[in-house]
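Just run-v4.tsv here, TSV, C-alpha atoms:
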```tsv
chain	number	residue	atom	x	y	z
A	94	MET	CA	-1.01	77.72	15.95
A	95	MET	CA	-1.37	80.15	13.07
A	96	MET	CA	0.91	79.70	10.11
A	97	ASN	CA	1.73	81.87	7.14
A	98	ILE	CA	3.35	81.06	3.83
A	99	PRO	CA	6.90	82.25	4.66
A	100	GLU	CA	6.87	79.96	7.71
A	101	LEU	CA	6.34	76.96	5.42
A	102	HIS	CA	9.84	77.38	4.01
A	103	ALA	CA	11.40	77.66	7.45
A	104	ASN	CA	9.14	75.07	9.07
A	105	PRO	CA	8.00	72.52	6.47
A	106	GLU	CA	6.65	70.32	9.26
A	107	HIS	CA	3.62	72.68	9.34
A	108	LEU	CA	2.63	71.18	6.01
A	109	PHE	CA	2.24	67.72	7.48
A	110	SER	CA	0.43	69.08	10.50
A	111	ALA	CA	-2.16	70.62	8.19
A	112	LEU	CA	-2.46	67.48	6.06
A	113	SER	CA	-2.71	65.10	9.01
A	114	ASP	CA	-6.46	65.67	9.28
A	115	GLU	CA	-8.44	63.61	6.75
A	116	THR	CA	-11.12	66.24	6.12
A	117	ARG	CA	-8.64	69.09	5.59
A	118	LEU	CA	-6.52	66.96	3.26
A	119	ARG	CA	-9.55	65.99	1.19
A	120	ILE	CA	-10.72	69.60	0.97
A	121	LEU	CA	-7.30	70.55	-0.40
A	122	MET	CA	-7.26	67.62	-2.84
A	123	LEU	CA	-10.72	68.52	-4.13
A	124	LEU	CA	-9.75	72.16	-4.62
A	125	ASP	CA	-6.56	71.05	-6.34
A	126	SER	CA	-8.76	69.08	-8.74
A	127	GLU	CA	-11.41	71.77	-9.32
A	128	PRO	CA	-10.55	75.49	-9.28
A	129	ARG	CA	-13.42	76.64	-7.04
A	130	LEU	CA	-16.05	75.04	-4.84
A	131	CYS	CA	-18.42	76.28	-2.14
A	132	VAL	CA	-19.23	74.86	1.30
A	133	CYS	CA	-22.32	73.02	0.10
A	134	HIS	CA	-20.32	71.27	-2.63
A	135	LEU	CA	-17.65	70.14	-0.18
A	136	GLN	CA	-20.33	69.01	2.26
A	137	GLU	CA	-21.98	66.89	-0.46
A	138	LEU	CA	-18.70	65.41	-1.73
A	139	LEU	CA	-17.26	64.55	1.68
A	140	ASN	CA	-20.54	63.63	3.38
A	141	ARG	CA	-19.71	65.75	6.42
A	142	PRO	CA	-21.95	68.18	8.36
A	143	GLN	CA	-21.72	71.78	7.22
A	144	SER	CA	-20.40	72.76	10.65
A	145	THR	CA	-17.49	70.34	10.24
A	146	ILE	CA	-16.64	71.58	6.75
A	147	SER	CA	-16.91	75.22	7.85
A	148	ARG	CA	-14.63	74.61	10.85
A	149	HIS	CA	-11.90	73.10	8.69
A	150	LEU	CA	-12.28	75.81	6.06
A	151	ALA	CA	-11.80	78.41	8.78
A	152	VAL	CA	-8.53	76.75	9.81
A	153	LEU	CA	-7.31	76.59	6.22
A	154	LEU	CA	-8.25	80.24	5.65
A	155	GLN	CA	-6.57	81.37	8.85
A	156	ASP	CA	-3.37	79.57	7.88
A	157	GLU	CA	-3.46	80.95	4.32
A	158	TRP	CA	-3.98	77.66	2.50
A	159	LEU	CA	-7.17	78.95	0.88
A	160	ARG	CA	-8.75	82.14	-0.40
A	161	ILE	CA	-12.42	83.11	-0.15
A	162	THR	CA	-14.48	85.00	-2.73
A	163	ARG	CA	-18.03	86.14	-2.04
A	164	GLN	CA	-20.57	85.86	-4.87
A	165	GLY	CA	-23.75	87.38	-3.42
A	166	THR	CA	-24.66	85.09	-0.53
A	167	TRP	CA	-22.21	82.39	-1.65
A	168	ASN	CA	-18.73	81.86	-0.24
A	169	ILE	CA	-16.46	80.39	-2.92
A	170	TYR	CA	-13.14	78.79	-1.96
A	171	ASP	CA	-9.98	78.13	-3.93
A	172	ILE	CA	-6.37	77.26	-3.13
A	173	ASN	CA	-4.13	80.24	-2.37
A	174	PRO	CA	-2.10	80.79	-5.57
A	175	ASP	CA	0.84	81.98	-3.46
A	176	LEU	CA	1.39	78.55	-1.95
A	177	PRO	CA	4.93	77.40	-2.77
A	178	LEU	CA	5.24	75.10	-5.78
A	179	TRP	CA	6.62	72.27	-3.66
A	180	VAL	CA	3.51	72.44	-1.43
A	181	ARG	CA	1.21	72.35	-4.46
A	182	GLN	CA	3.09	69.33	-5.74
A	183	VAL	CA	2.60	67.46	-2.45
A	184	ILE	CA	-1.14	68.16	-2.63
A	185	ARG	CA	-1.28	67.24	-6.31
A	186	LEU	CA	0.56	63.94	-5.86
A	187	SER	CA	-1.65	63.13	-2.87
A	188	ARG	CA	-4.73	63.76	-5.01
A	189	MET	CA	-3.34	61.59	-7.82
A	190	SER	CA	-2.68	58.73	-5.42
A	191	TRP	CA	-6.19	59.08	-3.96
A	192	SER	CA	-7.70	58.98	-7.46
A	193	LEU	CA	-6.27	55.48	-7.98
A	194	SER	CA	-8.69	54.20	-5.32
A	195	ALA	CA	-12.33	53.54	-6.18
A	196	GLU	CA	-13.53	56.03	-3.56
A	197	GLY	CA	-11.14	58.77	-4.61
A	198	ARG	CA	-11.87	58.32	-8.32
A	199	SER	CA	-15.64	58.46	-7.71
A	200	THR	CA	-15.38	61.55	-5.49
A	201	LEU	CA	-13.14	63.43	-7.90
A	202	GLN	CA	-15.40	62.57	-10.84
A	203	ARG	CA	-18.41	63.92	-8.94
A	204	ALA	CA	-16.43	67.05	-8.08
A	205	ASP	CA	-15.70	67.59	-11.76
A	206	GLN	CA	-19.38	67.29	-12.61
A	207	ILE	CA	-20.35	69.72	-9.82
A	208	TYR	CA	-17.78	72.25	-10.97
A	209	ARG	CA	-18.80	72.15	-14.62
A	210	THR	CA	-22.51	72.31	-13.74
A	211	ASN	CA	-21.99	75.33	-11.46
A	212	ALA	CA	-19.06	76.96	-13.27
A	213	ALA	CA	-20.91	80.21	-14.05
A	214	LEU	CA	-21.70	80.76	-10.35
A	215	LEU	CA	-18.27	79.65	-9.16
A	216	CYS	CA	-16.45	81.83	-11.70
A	217	GLY	CA	-18.77	84.83	-11.08
A	218	THR	CA	-19.79	85.15	-14.73
A	219	THR	CA	-22.47	84.12	-17.19
A	220	ALA	CA	-22.47	80.81	-19.01
A	221	GLN	CA	-21.76	82.60	-22.30
A	222	ASP	CA	-18.62	84.21	-20.86
A	223	LEU	CA	-17.10	81.03	-19.49
A	224	PRO	CA	-13.79	79.90	-21.01
A	225	PRO	CA	-14.37	77.58	-24.00
A	226	GLU	CA	-12.86	74.61	-22.23
A	227	ILE	CA	-15.47	74.90	-19.45
A	228	GLN	CA	-18.39	75.47	-21.81
A	229	LYS	CA	-17.44	72.39	-23.75
A	230	SER	CA	-18.96	69.09	-22.72
A	231	GLU	CA	-17.10	65.84	-23.15
A	232	SER	CA	-16.36	65.92	-26.87
A	233	GLY	CA	-15.72	62.28	-27.66
A	234	LYS	CA	-12.37	63.27	-29.18
A	235	ILE	CA	-9.80	60.49	-29.43
A	236	VAL	CA	-6.56	61.59	-27.75
A	237	ASN	CA	-3.44	60.35	-29.56
A	238	VAL	CA	-0.47	59.59	-27.29
A	239	LEU	CA	3.02	58.65	-28.49
A	240	PHE	CA	5.40	56.88	-26.09
A	241	LEU	CA	9.11	57.14	-26.86
A	242	CYS	CA	12.22	55.28	-25.77
A	243	VAL	CA	15.55	54.55	-27.44
A	244	ALA	CA	14.92	51.18	-29.11
A	245	ASN	CA	11.11	50.91	-28.89
A	246	SER	CA	11.51	47.34	-27.70
A	247	ALA	CA	10.20	47.27	-24.11
A	248	ARG	CA	8.96	50.22	-22.03
A	249	SER	CA	7.32	52.19	-24.82
A	250	ILE	CA	5.70	49.01	-26.17
A	251	LEU	CA	4.35	48.17	-22.70
A	252	ALA	CA	2.99	51.72	-22.32
A	253	GLU	CA	1.30	51.53	-25.72
A	254	ALA	CA	-0.42	48.25	-24.83
A	255	LEU	CA	-1.48	49.51	-21.38
A	256	LEU	CA	-2.99	52.76	-22.64
A	257	ASN	CA	-4.86	50.97	-25.40
A	258	ARG	CA	-6.38	48.80	-22.66
A	259	TRP	CA	-7.22	51.47	-20.06
A	260	GLY	CA	-8.02	54.26	-22.51
A	261	ALA	CA	-9.93	52.23	-25.10
A	262	GLY	CA	-12.46	54.39	-26.91
A	263	ARG	CA	-10.96	57.67	-25.69
A	264	PHE	CA	-7.19	57.33	-26.09
A	265	ARG	CA	-5.19	55.82	-28.93
A	266	ALA	CA	-1.62	54.86	-28.06
A	267	PHE	CA	1.44	54.63	-30.31
A	268	SER	CA	5.12	54.00	-29.64
A	269	ALA	CA	8.42	54.64	-31.39
A	270	GLY	CA	12.15	54.85	-30.77
A	271	GLN	CA	15.18	57.00	-31.46
A	272	LYS	CA	17.43	54.18	-32.71
A	273	THR	CA	15.53	51.26	-34.14
A	274	GLU	CA	17.70	50.08	-37.03
A	275	GLY	CA	17.73	46.31	-36.70
A	276	SER	CA	15.65	46.51	-33.52
A	277	GLU	CA	12.63	44.43	-32.70
A	278	ILE	CA	10.42	43.95	-29.68
A	279	HIS	CA	12.36	42.26	-26.86
A	280	PRO	CA	11.18	38.64	-26.48
A	281	LEU	CA	10.56	39.15	-22.76
A	282	THR	CA	8.30	42.12	-23.55
A	283	LEU	CA	6.06	39.72	-25.44
A	284	VAL	CA	6.16	37.24	-22.56
A	285	ALA	CA	5.24	39.99	-20.08
A	286	LEU	CA	2.36	41.14	-22.29
A	287	GLU	CA	1.00	37.61	-22.38
A	288	LYS	CA	1.28	37.19	-18.61
A	289	LEU	CA	-0.48	40.53	-18.07
A	290	GLY	CA	-3.26	39.58	-20.45
A	291	LEU	CA	-2.39	42.36	-22.91
A	292	PRO	CA	-2.58	41.76	-26.67
A	293	SER	CA	0.59	42.02	-28.75
A	294	GLU	CA	-1.01	42.01	-32.20
A	295	GLY	CA	0.00	45.00	-34.29
A	296	LEU	CA	2.91	45.97	-32.04
A	297	TYR	CA	6.31	46.41	-33.70
A	298	SER	CA	9.52	48.43	-33.26
A	299	LYS	CA	9.66	51.61	-35.38
A	300	HIS	CA	11.60	54.88	-35.67
A	301	TRP	CA	9.97	58.07	-34.46
A	302	SER	CA	10.27	59.57	-37.97
A	303	THR	CA	7.20	57.44	-38.77
A	304	PHE	CA	5.13	60.01	-36.90
A	305	LEU	CA	6.69	63.00	-38.62
A	306	ALA	CA	5.36	62.00	-42.03
A	307	PRO	CA	2.55	64.19	-43.45
A	308	GLU	CA	0.08	61.30	-43.43
A	309	ALA	CA	0.90	60.24	-39.85
A	310	PRO	CA	-1.71	60.76	-37.12
A	311	LYS	CA	-1.16	64.00	-35.19
A	312	MET	CA	-0.18	63.52	-31.56
A	313	ASP	CA	-1.87	65.25	-28.63
A	314	MET	CA	0.80	64.04	-26.18
A	315	VAL	CA	4.36	62.75	-26.54
A	316	ILE	CA	5.77	61.01	-23.46
A	317	THR	CA	9.32	59.71	-23.05
A	318	VAL	CA	9.64	56.66	-20.79
A	319	CYS	CA	13.42	56.24	-20.59
A	320	ASP	CA	15.97	58.53	-18.98
A	321	THR	CA	18.30	58.25	-21.98
A	322	LEU	CA	15.99	60.55	-23.97
A	323	LEU	CA	15.40	63.01	-21.12
A	324	ASN	CA	18.06	65.49	-22.28
A	325	GLU	CA	18.04	64.53	-25.95
A	326	ALA	CA	16.78	66.85	-28.66
A	327	CYS	CA	13.48	65.33	-29.75
A	328	PRO	CA	11.79	66.34	-33.01
A	329	ALA	CA	9.52	69.36	-33.29
A	330	TRP	CA	6.26	67.46	-33.34
A	331	PRO	CA	3.48	68.84	-35.54
A	332	GLY	CA	0.69	70.55	-33.63
A	333	ARG	CA	2.82	71.27	-30.53
A	334	PRO	CA	1.57	68.33	-28.43
A	335	ILE	CA	1.85	68.18	-24.65
A	336	THR	CA	5.21	66.64	-23.78
A	337	ALA	CA	6.23	64.91	-20.56
A	338	HIS	CA	8.77	62.47	-19.15
A	339	TRP	CA	7.79	59.31	-17.26
A	340	GLY	CA	11.10	57.67	-16.42
A	341	VAL	CA	11.03	53.90	-15.90
A	342	THR	CA	14.07	51.68	-15.27
A	343	ASP	CA	15.13	49.67	-18.34
A	344	PRO	CA	13.96	46.06	-17.77
A	345	ALA	CA	16.27	44.72	-20.49
A	346	ARG	CA	19.30	46.15	-18.70
A	347	LEU	CA	18.15	44.74	-15.36
A	348	ALA	CA	17.59	41.32	-16.92
A	349	ALA	CA	21.12	41.39	-18.40
A	350	GLU	CA	22.64	42.49	-15.08
A	351	HIS	CA	20.84	39.75	-13.12
A	352	PRO	CA	21.01	36.58	-15.25
A	353	ASP	CA	20.31	34.46	-12.17
A	354	GLN	CA	16.80	35.96	-11.85
A	355	ASN	CA	13.69	35.51	-13.95
A	356	GLY	CA	14.06	38.23	-16.57
A	357	THR	CA	10.34	38.43	-17.25
A	358	ASP	CA	9.80	39.75	-13.73
A	359	PHE	CA	11.71	42.94	-14.63
A	360	PHE	CA	9.47	43.56	-17.63
A	361	ILE	CA	6.34	42.95	-15.57
A	362	ALA	CA	7.70	45.37	-12.94
A	363	ALA	CA	8.18	48.02	-15.64
A	364	ALA	CA	4.56	47.52	-16.71
A	365	ARG	CA	3.42	47.80	-13.08
A	366	ALA	CA	5.32	51.09	-12.75
A	367	LEU	CA	3.63	52.45	-15.87
A	368	GLU	CA	0.11	51.21	-15.13
A	369	PRO	CA	-0.93	53.70	-12.39
A	370	ARG	CA	0.37	56.57	-14.50
A	371	ILE	CA	-1.62	55.32	-17.47
A	372	ARG	CA	-4.74	55.07	-15.31
A	373	LEU	CA	-4.24	58.62	-14.04
A	374	LEU	CA	-3.89	59.87	-17.59
A	375	THR	CA	-7.14	58.24	-18.65
A	376	GLN	CA	-8.98	59.98	-15.79
A	377	LEU	CA	-8.20	63.49	-17.05
A	378	PRO	CA	-11.35	65.13	-18.45
A	379	ASP	CA	-11.34	66.45	-22.01
A	380	TYR	CA	-11.30	70.09	-20.97
A	381	ALA	CA	-8.28	69.44	-18.75
A	382	ILE	CA	-6.27	67.84	-21.55
A	383	GLU	CA	-7.00	70.79	-23.84
A	384	LYS	CA	-5.77	73.41	-21.36
A	385	LEU	CA	-2.12	74.37	-21.78
A	386	HIS	CA	-1.37	74.52	-18.05
A	387	TRP	CA	-2.30	70.83	-17.71
A	388	ARG	CA	1.08	70.08	-19.21
A	389	ASP	CA	2.14	70.31	-15.55
A	390	GLU	CA	-0.44	67.67	-14.63
A	391	VAL	CA	0.84	65.15	-17.17
A	392	THR	CA	4.42	65.89	-16.09
A	393	ALA	CA	3.52	65.32	-12.43
A	394	ILE	CA	2.11	61.90	-13.26
A	395	GLY	CA	5.68	60.92	-14.11
A	396	LEU	CA	6.64	61.40	-10.46
A	397	MET	CA	4.35	58.58	-9.33
A	398	ASN	CA	5.96	55.37	-8.04
A	399	GLN	CA	9.44	56.90	-7.87
```

Can you give me the file's structure in the form of structure tokens?
Amino acid sequence: MMMNIPELHANPEHLFSALSDETRLRILMLLDSEPRLCVCHLQELLNRPQSTISRHLAVLLQDEWLRITRQGTWNIYDINPDLPLWVRQVIRLSRMSWSLSAEGRSTLQRADQIYRTNAALLCGTTAQDLPPEIQKSESGKIVNVLFLCVANSARSILAEALLNRWGAGRFRAFSAGQKTEGSEIHPLTLVALEKLGLPSEGLYSKHWSTFLAPEAPKMDMVITVCDTLLNEACPAWPGRPITAHWGVTDPARLAAEHPDQNGTDFFIAAARALEPRIRLLTQLPDYAIEKLHWRDEVTAIGLMNQ
């Protein structure tokens, strides 16, 4: 049955009808990852016959999920920009979850390579007129990320250690807190790090003013990991870094509230909640991180595992 965008608000079940088919869902996830692709690209990425891809594209076009642009003999597809934000978020979170699997990560990485290799055709322009972020190859730039919480004793420390593991060579993680006078890393944070096989050398509790000093490294991203800071006025960070909130339950509070349970388990659970988000962050290509609208992408990562 045909569907149009206004019907999605009145009948949200149409969304799940459209996403119930594996091929259609993967087409939407791929086009959520890369702005434009053609039939041959989707056929290569999904290893489906062209007739199958074309049939599903026809359904998605008819129901207004996609748009089509013709470049000479090429049909170029992209997601309809008029899709409601909540629909785009469902597709985006589905794509993020898929990227945590080996198959999804490999497919999305190949899609990124295909898009950048064929960007001039897909964008209907010459290579010289492409946006700078598309012209640019992987730059080798180290991305500095600062994780913040109140005391810088648990969650932000865990996030720092995890990103330095998963993003080694491309990301450099730091952490700090709002109120750290007399604070130090929680003992169970150190136990959790050891059990997870993460190094603790060089980690210590510090105030966020450390990163406001003129000689401090400039941050590309600043991410809060506790709800206490969500509505607090954070400093105006030099360089206007991407900011996002990844709320994680305080393991120290849970350990204090449940003295009959093994407190370390709460700290390990906090690390497990952060780990998939960290992995998603490390999968963003350089050009994506440098684009202002990818602030939404980093923010959406915070919705994972909630």

At most 10 Å is the cut-off: for each residue in stretch 154-241 of chain A with any atom that close to an atom of stretch 298-306 of chain A, write down the nearest atom pair and the distance in Å rounded to one decimal, counting all atoms listed in the file, chain first then increasing number, as a tab-separated table.
```
residue	atom	partner	partner_atom	distance
A:Leu239	CA	A:Phe304	CA	8.8
A:Phe240	CA	A:Trp301	CA	9.6
A:Leu241	CA	A:Trp301	CA	7.7
```

Residues near A:Arg203, cut-off 9 Å, only C-alpha atoms, skip fewer than 5 positions along chain, as a list of chain:residue names: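 My list of contacting residues is A:Leu138, A:Arg198, A:Tyr208.
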
Between atom CA of A:Met314 and atom CA of A:Arg263 - distance in Å to one decimal: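 Computing it gives 13.4 Å between the two atoms.
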
Report, as lines of an AutoDock Vina configuration file, the centre and edge lengths in Å (one decimal) of the axis-aligned box enclosing every listed atom of stretch 127-142 of chain A, padded by 5 Å on each side.
```
center_x = -16.4
center_y = 70.1
center_z = -0.5
size_x = 21.8
size_y = 23.0
size_z = 27.7
```

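Non-sequential neighbours of A:Ala364 (distance at most 8 Å, separation of 4 or more positions within a chain, all atoms listed in the file) are Arg248, Leu251, Ala252, Leu255, Phe360 and Glu368 of chain A.
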
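Comparing the minimum interatomic distances between A:Ser293 and each of A:Glu253, A:Asn104, A:Cys327, A:Ala261, counting only C-alpha atoms, we find that A:Glu253 sits nearest.
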
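Among the candidates A:Phe267, A:Trp330, A:Phe359, A:Trp259, the one nearest to A:Ile371 when counting all atoms listed in the file is A:Trp259.
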
Nearest-residue call for A:Phe109, choices A:Leu281, A:Ala349, A:Ile184, A:Ala212, using only C-alpha atoms: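 Checking each candidate against A:Phe109, we get A:Ile184 as the closest.
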